[in-house]
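J.: So here's coords37.pdb (PDB, C-alpha atoms).
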```pdb
ATOM      1  CA  MET F   1      34.557  54.269 -75.871
ATOM      2  CA  ARG F   2      37.733  55.841 -74.446
ATOM      3  CA  ILE F   3      37.856  58.879 -72.192
ATOM      4  CA  PRO F   4      40.452  61.412 -73.387
ATOM      5  CA  ILE F   5      43.257  62.207 -70.932
ATOM      6  CA  LEU F   6      44.961  65.576 -71.515
ATOM      7  CA  LYS F   7      48.430  66.472 -70.300
ATOM      8  CA  LEU F   8      49.192  69.988 -69.053
ATOM      9  CA  HIS F   9      52.686  70.519 -67.625
ATOM     10  CA  ASN F  10      52.932  68.103 -64.679
ATOM     11  CA  TYR F  11      49.224  67.478 -64.598
ATOM     12  CA  LEU F  12      46.735  65.237 -66.310
ATOM     13  CA  LEU F  13      43.244  66.608 -66.909
ATOM     14  CA  ILE F  14      40.190  64.503 -67.536
ATOM     15  CA  SER F  15      36.668  65.696 -68.104
ATOM     16  CA  ILE F  16      34.139  62.882 -68.098
ATOM     17  CA  GLN F  17      31.297  63.860 -70.409
ATOM     18  CA  ILE F  18      29.534  60.591 -71.103
ATOM     19  CA  ASP F  19      27.232  58.298 -69.167
ATOM     20  CA  LEU F  20      29.821  55.838 -67.844
ATOM     21  CA  ASP F  21      29.213  52.156 -68.354
ATOM     22  CA  ASP F  22      31.223  49.588 -66.425
ATOM     23  CA  LYS F  23      33.577  48.705 -69.263
ATOM     24  CA  THR F  24      34.412  52.309 -70.088
ATOM     25  CA  ALA F  25      35.050  53.015 -66.399
ATOM     26  CA  ILE F  26      37.466  50.082 -66.041
ATOM     27  CA  GLN F  27      39.188  51.003 -69.309
ATOM     28  CA  PHE F  28      39.588  54.562 -68.032
ATOM     29  CA  GLN F  29      41.160  53.270 -64.804
ATOM     30  CA  GLU F  30      43.769  51.373 -66.802
ATOM     31  CA  ASP F  31      44.354  54.206 -69.290
ATOM     32  CA  LEU F  32      44.903  56.734 -66.511
ATOM     33  CA  LEU F  33      47.440  54.579 -64.657
ATOM     34  CA  ASN F  34      49.340  53.923 -67.890
ATOM     35  CA  LYS F  35      49.333  57.615 -68.739
ATOM     36  CA  ILE F  36      50.648  58.515 -65.263
ATOM     37  CA  HIS F  37      53.387  55.933 -65.730
ATOM     38  CA  LYS F  38      54.345  57.171 -69.195
ATOM     39  CA  SER F  39      54.107  60.908 -68.600
ATOM     40  CA  GLY F  40      55.480  61.016 -65.058
ATOM     41  CA  SER F  41      52.643  63.332 -64.047
ATOM     42  CA  THR F  42      52.354  64.022 -60.343
ATOM     43  CA  GLY F  43      48.861  65.497 -60.260
ATOM     44  CA  VAL F  44      45.533  64.511 -61.829
ATOM     45  CA  VAL F  45      42.190  66.293 -61.941
ATOM     46  CA  ILE F  46      39.113  64.268 -62.852
ATOM     47  CA  ASP F  47      36.278  66.679 -63.554
ATOM     48  CA  LEU F  48      32.783  65.273 -63.049
ATOM     49  CA  THR F  49      30.768  68.426 -63.861
ATOM     50  CA  SER F  50      28.933  66.707 -66.721
ATOM     51  CA  VAL F  51      28.303  63.453 -64.879
ATOM     52  CA  ASP F  52      24.742  63.198 -63.650
ATOM     53  CA  ILE F  53      24.893  59.721 -62.249
ATOM     54  CA  ILE F  54      27.409  57.918 -60.044
ATOM     55  CA  ASP F  55      26.255  54.536 -58.805
ATOM     56  CA  SER F  56      28.113  52.271 -56.370
ATOM     57  CA  PHE F  57      30.189  50.643 -59.104
ATOM     58  CA  ILE F  58      31.364  53.881 -60.707
ATOM     59  CA  ALA F  59      32.052  55.281 -57.215
ATOM     60  CA  LYS F  60      34.203  52.243 -56.454
ATOM     61  CA  VAL F  61      36.124  52.601 -59.720
ATOM     62  CA  LEU F  62      36.762  56.302 -59.041
ATOM     63  CA  GLY F  63      37.733  55.708 -55.401
ATOM     64  CA  ASP F  64      40.052  52.879 -56.462
ATOM     65  CA  VAL F  65      41.764  54.901 -59.178
ATOM     66  CA  VAL F  66      42.521  57.628 -56.621
ATOM     67  CA  MET F  67      44.222  55.064 -54.364
ATOM     68  CA  MET F  68      45.993  53.315 -57.232
ATOM     69  CA  SER F  69      47.395  56.618 -58.502
ATOM     70  CA  ASP F  70      48.456  57.463 -54.972
ATOM     71  CA  LEU F  71      50.403  54.198 -54.835
ATOM     72  CA  MET F  72      52.215  55.253 -57.994
ATOM     73  CA  GLY F  73      52.979  58.672 -56.565
ATOM     74  CA  ALA F  74      50.358  60.846 -58.261
ATOM     75  CA  LYS F  75      47.699  62.840 -56.422
ATOM     76  CA  VAL F  76      44.170  62.811 -57.837
ATOM     77  CA  VAL F  77      41.460  65.364 -57.130
ATOM     78  CA  LEU F  78      37.831  64.832 -58.148
ATOM     79  CA  THR F  79      36.091  68.063 -59.072
ATOM     80  CA  GLY F  80      32.653  69.362 -59.985
ATOM     81  CA  ILE F  81      30.470  66.724 -58.330
ATOM     82  CA  GLN F  82      26.882  67.936 -58.868
ATOM     83  CA  PRO F  83      24.535  68.528 -55.919
ATOM     84  CA  ALA F  84      22.178  65.747 -57.068
ATOM     85  CA  VAL F  85      25.093  63.315 -57.364
ATOM     86  CA  ALA F  86      26.407  64.213 -53.891
ATOM     87  CA  MET F  87      22.956  63.682 -52.357
ATOM     88  CA  THR F  88      22.488  60.379 -54.157
ATOM     89  CA  LEU F  89      25.901  59.054 -53.098
ATOM     90  CA  ILE F  90      25.231  59.782 -49.417
ATOM     91  CA  ASP F  91      21.755  58.182 -49.670
ATOM     92  CA  LEU F  92      23.426  55.138 -51.189
ATOM     93  CA  GLY F  93      25.772  55.006 -48.208
ATOM     94  CA  ILE F  94      28.911  55.843 -50.187
ATOM     95  CA  HIS F  95      31.095  58.394 -48.469
ATOM     96  CA  LEU F  96      34.343  58.255 -50.482
ATOM     97  CA  HIS F  97      36.453  59.045 -47.435
ATOM     98  CA  ASN F  98      40.060  59.936 -48.221
ATOM     99  CA  VAL F  99      39.173  61.043 -51.738
ATOM    100  CA  PRO F 100      40.308  64.643 -52.320
ATOM    101  CA  THR F 101      37.635  66.795 -53.946
ATOM    102  CA  ALA F 102      37.246  70.409 -55.046
ATOM    103  CA  LEU F 103      34.390  72.547 -56.335
ATOM    104  CA  ASP F 104      35.664  72.974 -59.864
ATOM    105  CA  LEU F 105      38.679  72.496 -62.120
ATOM    106  CA  GLU F 106      40.275  75.760 -60.962
ATOM    107  CA  GLN F 107      39.979  74.887 -57.270
ATOM    108  CA  GLY F 108      41.177  71.381 -58.063
ATOM    109  CA  LEU F 109      44.375  72.667 -59.636
ATOM    110  CA  ILE F 110      44.953  74.992 -56.658
ATOM    111  CA  LYS F 111      44.468  72.063 -54.289
ATOM    112  CA  LEU F 112      46.915  69.908 -56.263
ATOM    113  CA  ARG F 113      49.537  72.640 -56.324
ATOM    114  CA  GLN F 114      49.256  73.069 -52.550
ATOM    115  CA  GLU F 115      49.482  69.329 -51.911
ATOM    116  CA  LEU F 116      52.419  68.829 -54.241
ATOM    117  CA  GLU F 117      54.376  71.747 -52.844
ATOM    118  CA  GLU F 118      54.096  70.546 -49.251
TER     119      GLU F 118
ATOM    120  CA  MET V   1       0.549  43.501 -64.269
ATOM    121  CA  ASP V   2       0.597  45.824 -67.231
ATOM    122  CA  PHE V   3       3.943  47.570 -67.543
ATOM    123  CA  GLN V   4       4.362  50.581 -69.780
ATOM    124  CA  SER V   5       7.883  49.654 -70.797
ATOM    125  CA  CYS V   6      10.539  47.106 -70.033
ATOM    126  CA  VAL V   7      14.271  46.831 -70.680
ATOM    127  CA  THR V   8      15.975  43.462 -70.944
ATOM    128  CA  ILE V   9      19.146  43.196 -68.887
ATOM    129  CA  GLN V  10      21.626  40.840 -70.515
ATOM    130  CA  LYS V  11      24.757  42.814 -71.217
ATOM    131  CA  GLU V  12      26.690  45.360 -69.198
ATOM    132  CA  TRP V  13      25.547  48.136 -71.502
ATOM    133  CA  ASP V  14      21.888  47.340 -70.700
ATOM    134  CA  ILE V  15      22.523  48.777 -67.220
ATOM    135  CA  VAL V  16      23.132  52.176 -68.813
ATOM    136  CA  GLY V  17      20.167  51.717 -71.163
ATOM    137  CA  ALA V  18      17.827  50.919 -68.269
ATOM    138  CA  ARG V  19      18.849  53.891 -66.158
ATOM    139  CA  GLN V  20      18.633  56.275 -69.123
ATOM    140  CA  MET V  21      15.127  55.073 -69.934
ATOM    141  CA  GLY V  22      14.111  55.326 -66.264
ATOM    142  CA  ARG V  23      15.507  58.800 -66.010
ATOM    143  CA  ASN V  24      13.566  59.929 -69.079
ATOM    144  CA  ILE V  25      10.338  58.470 -67.738
ATOM    145  CA  ALA V  26      10.952  60.111 -64.339
ATOM    146  CA  LYS V  27      11.537  63.439 -66.080
ATOM    147  CA  GLU V  28       8.332  63.092 -68.104
ATOM    148  CA  ILE V  29       6.355  62.317 -64.952
ATOM    149  CA  GLY V  30       7.681  65.549 -63.470
ATOM    150  CA  PHE V  31      10.406  64.559 -61.005
ATOM    151  CA  GLY V  32      13.063  67.180 -60.220
ATOM    152  CA  THR V  33      16.753  66.764 -61.001
ATOM    153  CA  VAL V  34      17.724  65.317 -57.631
ATOM    154  CA  ASP V  35      14.970  62.704 -57.667
ATOM    155  CA  GLN V  36      15.813  61.887 -61.298
ATOM    156  CA  ALA V  37      19.367  61.152 -60.138
ATOM    157  CA  ARG V  38      18.079  59.060 -57.229
ATOM    158  CA  ILE V  39      15.751  57.055 -59.481
ATOM    159  CA  ALA V  40      18.410  56.533 -62.172
ATOM    160  CA  THR V  41      20.946  55.428 -59.555
ATOM    161  CA  ALA V  42      18.483  52.992 -57.973
ATOM    162  CA  ILE V  43      17.788  51.499 -61.420
ATOM    163  CA  SER V  44      21.514  51.186 -62.043
ATOM    164  CA  GLU V  45      21.973  49.229 -58.793
ATOM    165  CA  LEU V  46      18.985  46.970 -59.504
ATOM    166  CA  ALA V  47      20.082  46.312 -63.094
ATOM    167  CA  ARG V  48      23.628  45.536 -61.972
ATOM    168  CA  ASN V  49      22.316  43.050 -59.416
ATOM    169  CA  ILE V  50      20.411  41.266 -62.173
ATOM    170  CA  TYR V  51      23.452  41.259 -64.440
ATOM    171  CA  LEU V  52      25.835  40.027 -61.725
ATOM    172  CA  TYR V  53      23.703  37.499 -59.872
ATOM    173  CA  ALA V  54      21.012  36.293 -62.256
ATOM    174  CA  GLY V  55      22.741  36.757 -65.603
ATOM    175  CA  SER V  56      19.631  38.156 -67.208
ATOM    176  CA  GLY V  57      16.260  39.605 -66.375
ATOM    177  CA  GLU V  58      14.312  42.754 -66.935
ATOM    178  CA  ILE V  59      13.549  46.145 -65.493
ATOM    179  CA  CYS V  60      10.003  47.407 -66.021
ATOM    180  CA  PHE V  61       8.524  50.818 -65.455
ATOM    181  CA  GLU V  62       5.065  51.947 -64.524
ATOM    182  CA  ARG V  63       3.641  55.444 -64.243
ATOM    183  CA  LEU V  64       1.717  55.706 -60.999
ATOM    184  CA  GLU V  65      -1.146  58.112 -60.594
ATOM    185  CA  THR V  66      -3.623  58.448 -57.756
ATOM    186  CA  ILE V  67      -6.081  61.251 -57.050
ATOM    187  CA  ASP V  68      -3.525  63.300 -55.182
ATOM    188  CA  ARG V  69      -0.103  62.145 -56.288
ATOM    189  CA  LYS V  70       2.076  60.913 -59.134
ATOM    190  CA  GLY V  71       5.024  58.620 -59.064
ATOM    191  CA  ILE V  72       7.058  55.907 -60.727
ATOM    192  CA  GLY V  73       7.075  52.174 -60.080
ATOM    193  CA  ILE V  74      10.125  50.147 -61.015
ATOM    194  CA  TYR V  75      10.191  46.358 -61.100
ATOM    195  CA  ALA V  76      13.395  44.348 -61.298
ATOM    196  CA  ILE V  77      12.551  40.789 -62.252
ATOM    197  CA  ASP V  78      14.851  37.844 -62.810
ATOM    198  CA  LYS V  79      14.685  34.078 -62.914
ATOM    199  CA  GLY V  80      18.092  33.706 -61.333
ATOM    200  CA  PRO V  81      19.193  31.633 -58.326
ATOM    201  CA  GLY V  82      17.182  33.692 -55.848
ATOM    202  CA  MET V  83      18.282  34.546 -52.347
ATOM    203  CA  GLU V  84      18.161  32.394 -49.259
ATOM    204  CA  GLU V  85      18.362  35.126 -46.693
ATOM    205  CA  VAL V  86      16.615  38.222 -47.931
ATOM    206  CA  SER V  87      17.105  39.899 -44.560
ATOM    207  CA  ARG V  88      20.894  39.593 -44.877
ATOM    208  CA  VAL V  89      21.134  41.345 -48.244
ATOM    209  CA  MET V  90      19.227  44.203 -46.668
ATOM    210  CA  GLU V  91      21.988  44.746 -44.108
ATOM    211  CA  ASP V  92      24.323  47.641 -44.856
ATOM    212  CA  GLY V  93      27.746  46.388 -45.823
ATOM    213  CA  PHE V  94      26.616  42.924 -46.881
ATOM    214  CA  SER V  95      28.020  42.132 -50.292
ATOM    215  CA  THR V  96      28.985  38.968 -52.061
ATOM    216  CA  SER V  97      30.456  40.714 -55.086
ATOM    217  CA  GLY V  98      33.242  42.686 -53.440
ATOM    218  CA  GLY V  99      31.579  45.970 -54.317
ATOM    219  CA  LEU V 100      31.072  48.801 -51.909
ATOM    220  CA  GLY V 101      28.212  46.900 -50.333
ATOM    221  CA  ALA V 102      25.817  49.769 -50.983
ATOM    222  CA  GLY V 103      23.450  47.595 -52.991
ATOM    223  CA  LEU V 104      19.913  47.043 -51.828
ATOM    224  CA  PRO V 105      19.885  49.022 -48.552
ATOM    225  CA  GLY V 106      21.113  51.980 -50.629
ATOM    226  CA  VAL V 107      18.322  51.469 -53.158
ATOM    227  CA  LYS V 108      15.813  51.397 -50.314
ATOM    228  CA  ARG V 109      17.074  54.736 -49.028
ATOM    229  CA  LEU V 110      16.925  56.302 -52.484
ATOM    230  CA  MET V 111      13.291  55.312 -53.029
ATOM    231  CA  ASP V 112      10.066  55.757 -51.016
ATOM    232  CA  GLU V 113       8.788  52.194 -51.110
ATOM    233  CA  PHE V 114      10.700  48.946 -51.394
ATOM    234  CA  ASP V 115       9.619  45.339 -51.557
ATOM    235  CA  ILE V 116      11.503  42.159 -52.325
ATOM    236  CA  VAL V 117      10.252  38.677 -53.015
ATOM    237  CA  SER V 118      12.824  35.972 -53.626
ATOM    238  CA  GLU V 119      12.639  32.250 -53.947
ATOM    239  CA  VAL V 120      15.686  30.001 -54.162
ATOM    240  CA  GLY V 121      15.905  28.398 -57.603
ATOM    241  CA  LYS V 122      13.101  30.536 -58.999
ATOM    242  CA  GLY V 123      14.227  34.115 -58.978
ATOM    243  CA  THR V 124      13.781  37.506 -57.435
ATOM    244  CA  LYS V 125      11.374  40.360 -57.880
ATOM    245  CA  ILE V 126      12.149  43.741 -56.402
ATOM    246  CA  THR V 127       9.550  46.480 -56.497
ATOM    247  CA  VAL V 128      10.433  50.080 -55.729
ATOM    248  CA  MET V 129       8.373  53.238 -55.943
ATOM    249  CA  LYS V 130       8.983  56.912 -55.670
ATOM    250  CA  TRP V 131       6.414  59.685 -55.400
ATOM    251  CA  ILE V 132       6.682  63.303 -56.404
ATOM    252  CA  ARG V 133       6.765  65.416 -53.266
TER     253      ARG V 133
END
```
As structure tokens, what does this structure read like?
T.:
Amino acid sequence: MRIPILKLHNYLLISIQIDLDDKTAIQFQEDLLNKIHKSGSTGVVIDLTSVDIIDSFIAKVLGDVVMMSDLMGAKVVLTGIQPAVAMTLIDLGIHLHNVPTALDLEQGLIKLRQELEE
Amino acid sequence: MDFQSCVTIQKEWDIVGARQMGRNIAKEIGFGTVDQARIATAISELARNIYLYAGSGEICFERLETIDRKGIGIYAIDKGPGMEEVSRVMEDGFSTSGGLGAGLPGVKRLMDEFDIVSEVGKGTKITVMKWIR
């Protein structure tokens, strides 16, 4: 299973709509970094509206991909984290410090534009 | 003990299978969305522990019902290497796998009851329960 990565101007948009298993998550990490490299995109939005579970492994993969992209020069914003997922992550003890987030795709794009224009 | 259903954990994909089954059972019992997410996440952590440390094992589910409350019991059983210092794996931040170290203390916080029995060379059994509030 591969997660589709869409390109829009300077941005890459990803909407995760499946229950992520470890392999798919790692594959996505690699695919995203390659796509950033190939497309020269400077901003990425990963929308998690349809994700109803994030365990410690998936959280680590997402947190890592944000840092990896940052190393390459692309800013990533995670959007649409559901209330139940946010509560579960904090219970688990996962805080995802330094990971930019926004309420939804629209806010995510606004946040990216602000960050990239600075 | 008589479990209603069990999932064998052998492959990575079984982690997803176990949490999906647990979530469905939790939904049937009547748990709300947030508790469904907590239960499914706890199962995911337990199943991953089995997969990473024991290689294989199983996750079993039980519907709990007393006179005044309903809940779910989840049992993570493996015949892996077991753990020498159970108290250490219950410390926040302790991890041997290089993960986020959320692991078992996180599972304990997600659920209402938590018990672990582990014997070196024989395996580990973790029992967790959650009740509908």
J.: Taking the file as shown, find all residues satisfying the PyMOL selection byres ((chain V) within 6 of (chain F)) and write them as a list in words.
T.: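 Matching residues under the PyMOL selection byres ((chain V) within 6 of (chain F)) are Val34, Arg38, Thr41, Ala102, Gly106, Arg109 and Leu110 of chain V.
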J.: Could you list, as a list in words, every residue matched by the PyMOL selection byres ((chain F and resi 72) around 12) in this structure?
T.: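 Taken on the displayed file, the PyMOL selection byres ((chain F and resi 72) around 12) yields the residues Leu32, Leu33, Asn34, Lys35, Ile36, His37, Lys38, Gly40, Ser41, Thr42, Gly43, Val65, Val66, Met67, Met68, Ser69, Asp70, Leu71, Gly73, Ala74, Lys75 and Val76 of chain F.
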J.: Using only C-alpha atoms, which protein or nucleic acid residues come within 8 Å of F:Leu105? Drop anything in the same chain fewer than 4 positions from it, and give the result as a PyMOL selection string.
T.: chain F and resi 45+47+79-80+109
J.: What's the separation between atom CA of V:Lys130 and atom CA of V:Glu113, in Å to one decimal place?
T.: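 Rounded to one decimal, the two atoms are 6.6 Å apart.
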J.: One decimal, Å: what's the distance from atom CA of F:Pro100 over to atom CA of F:Ala25, could you say?
T.: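 Atom CA of F:Ala25 lies at a distance of 19.0 Å from atom CA of F:Pro100.
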J.: For a test of reading the model, state the distance in Å between atom CA of F:Tyr11 and atom CA of F:Ile58, rounded to one decimal.
T.: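 So the two atoms, atom CA of F:Tyr11 and atom CA of F:Ile58, lie 22.8 Å apart.
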J.: Translate the PyMOL selection byres ((chain V and resi 125) around 9) into a concrete residue list for this structure, as an MDAnalysis selection string.
T.: chainID V and resid 75:79 115:118 123:124 126:127
J.: Which residue gives the smallest distance to F:Gln29 among F:Leu62, F:Leu12, F:Ile110, F:Ala102, with all atoms listed in the file counted?
T.: F:Leu62
J.: With distances taken over all atoms listed in the file, which of F:Leu96, F:Glu106, F:Lys7, F:Leu78 is nearest to F:Leu48?
T.: F:Leu78
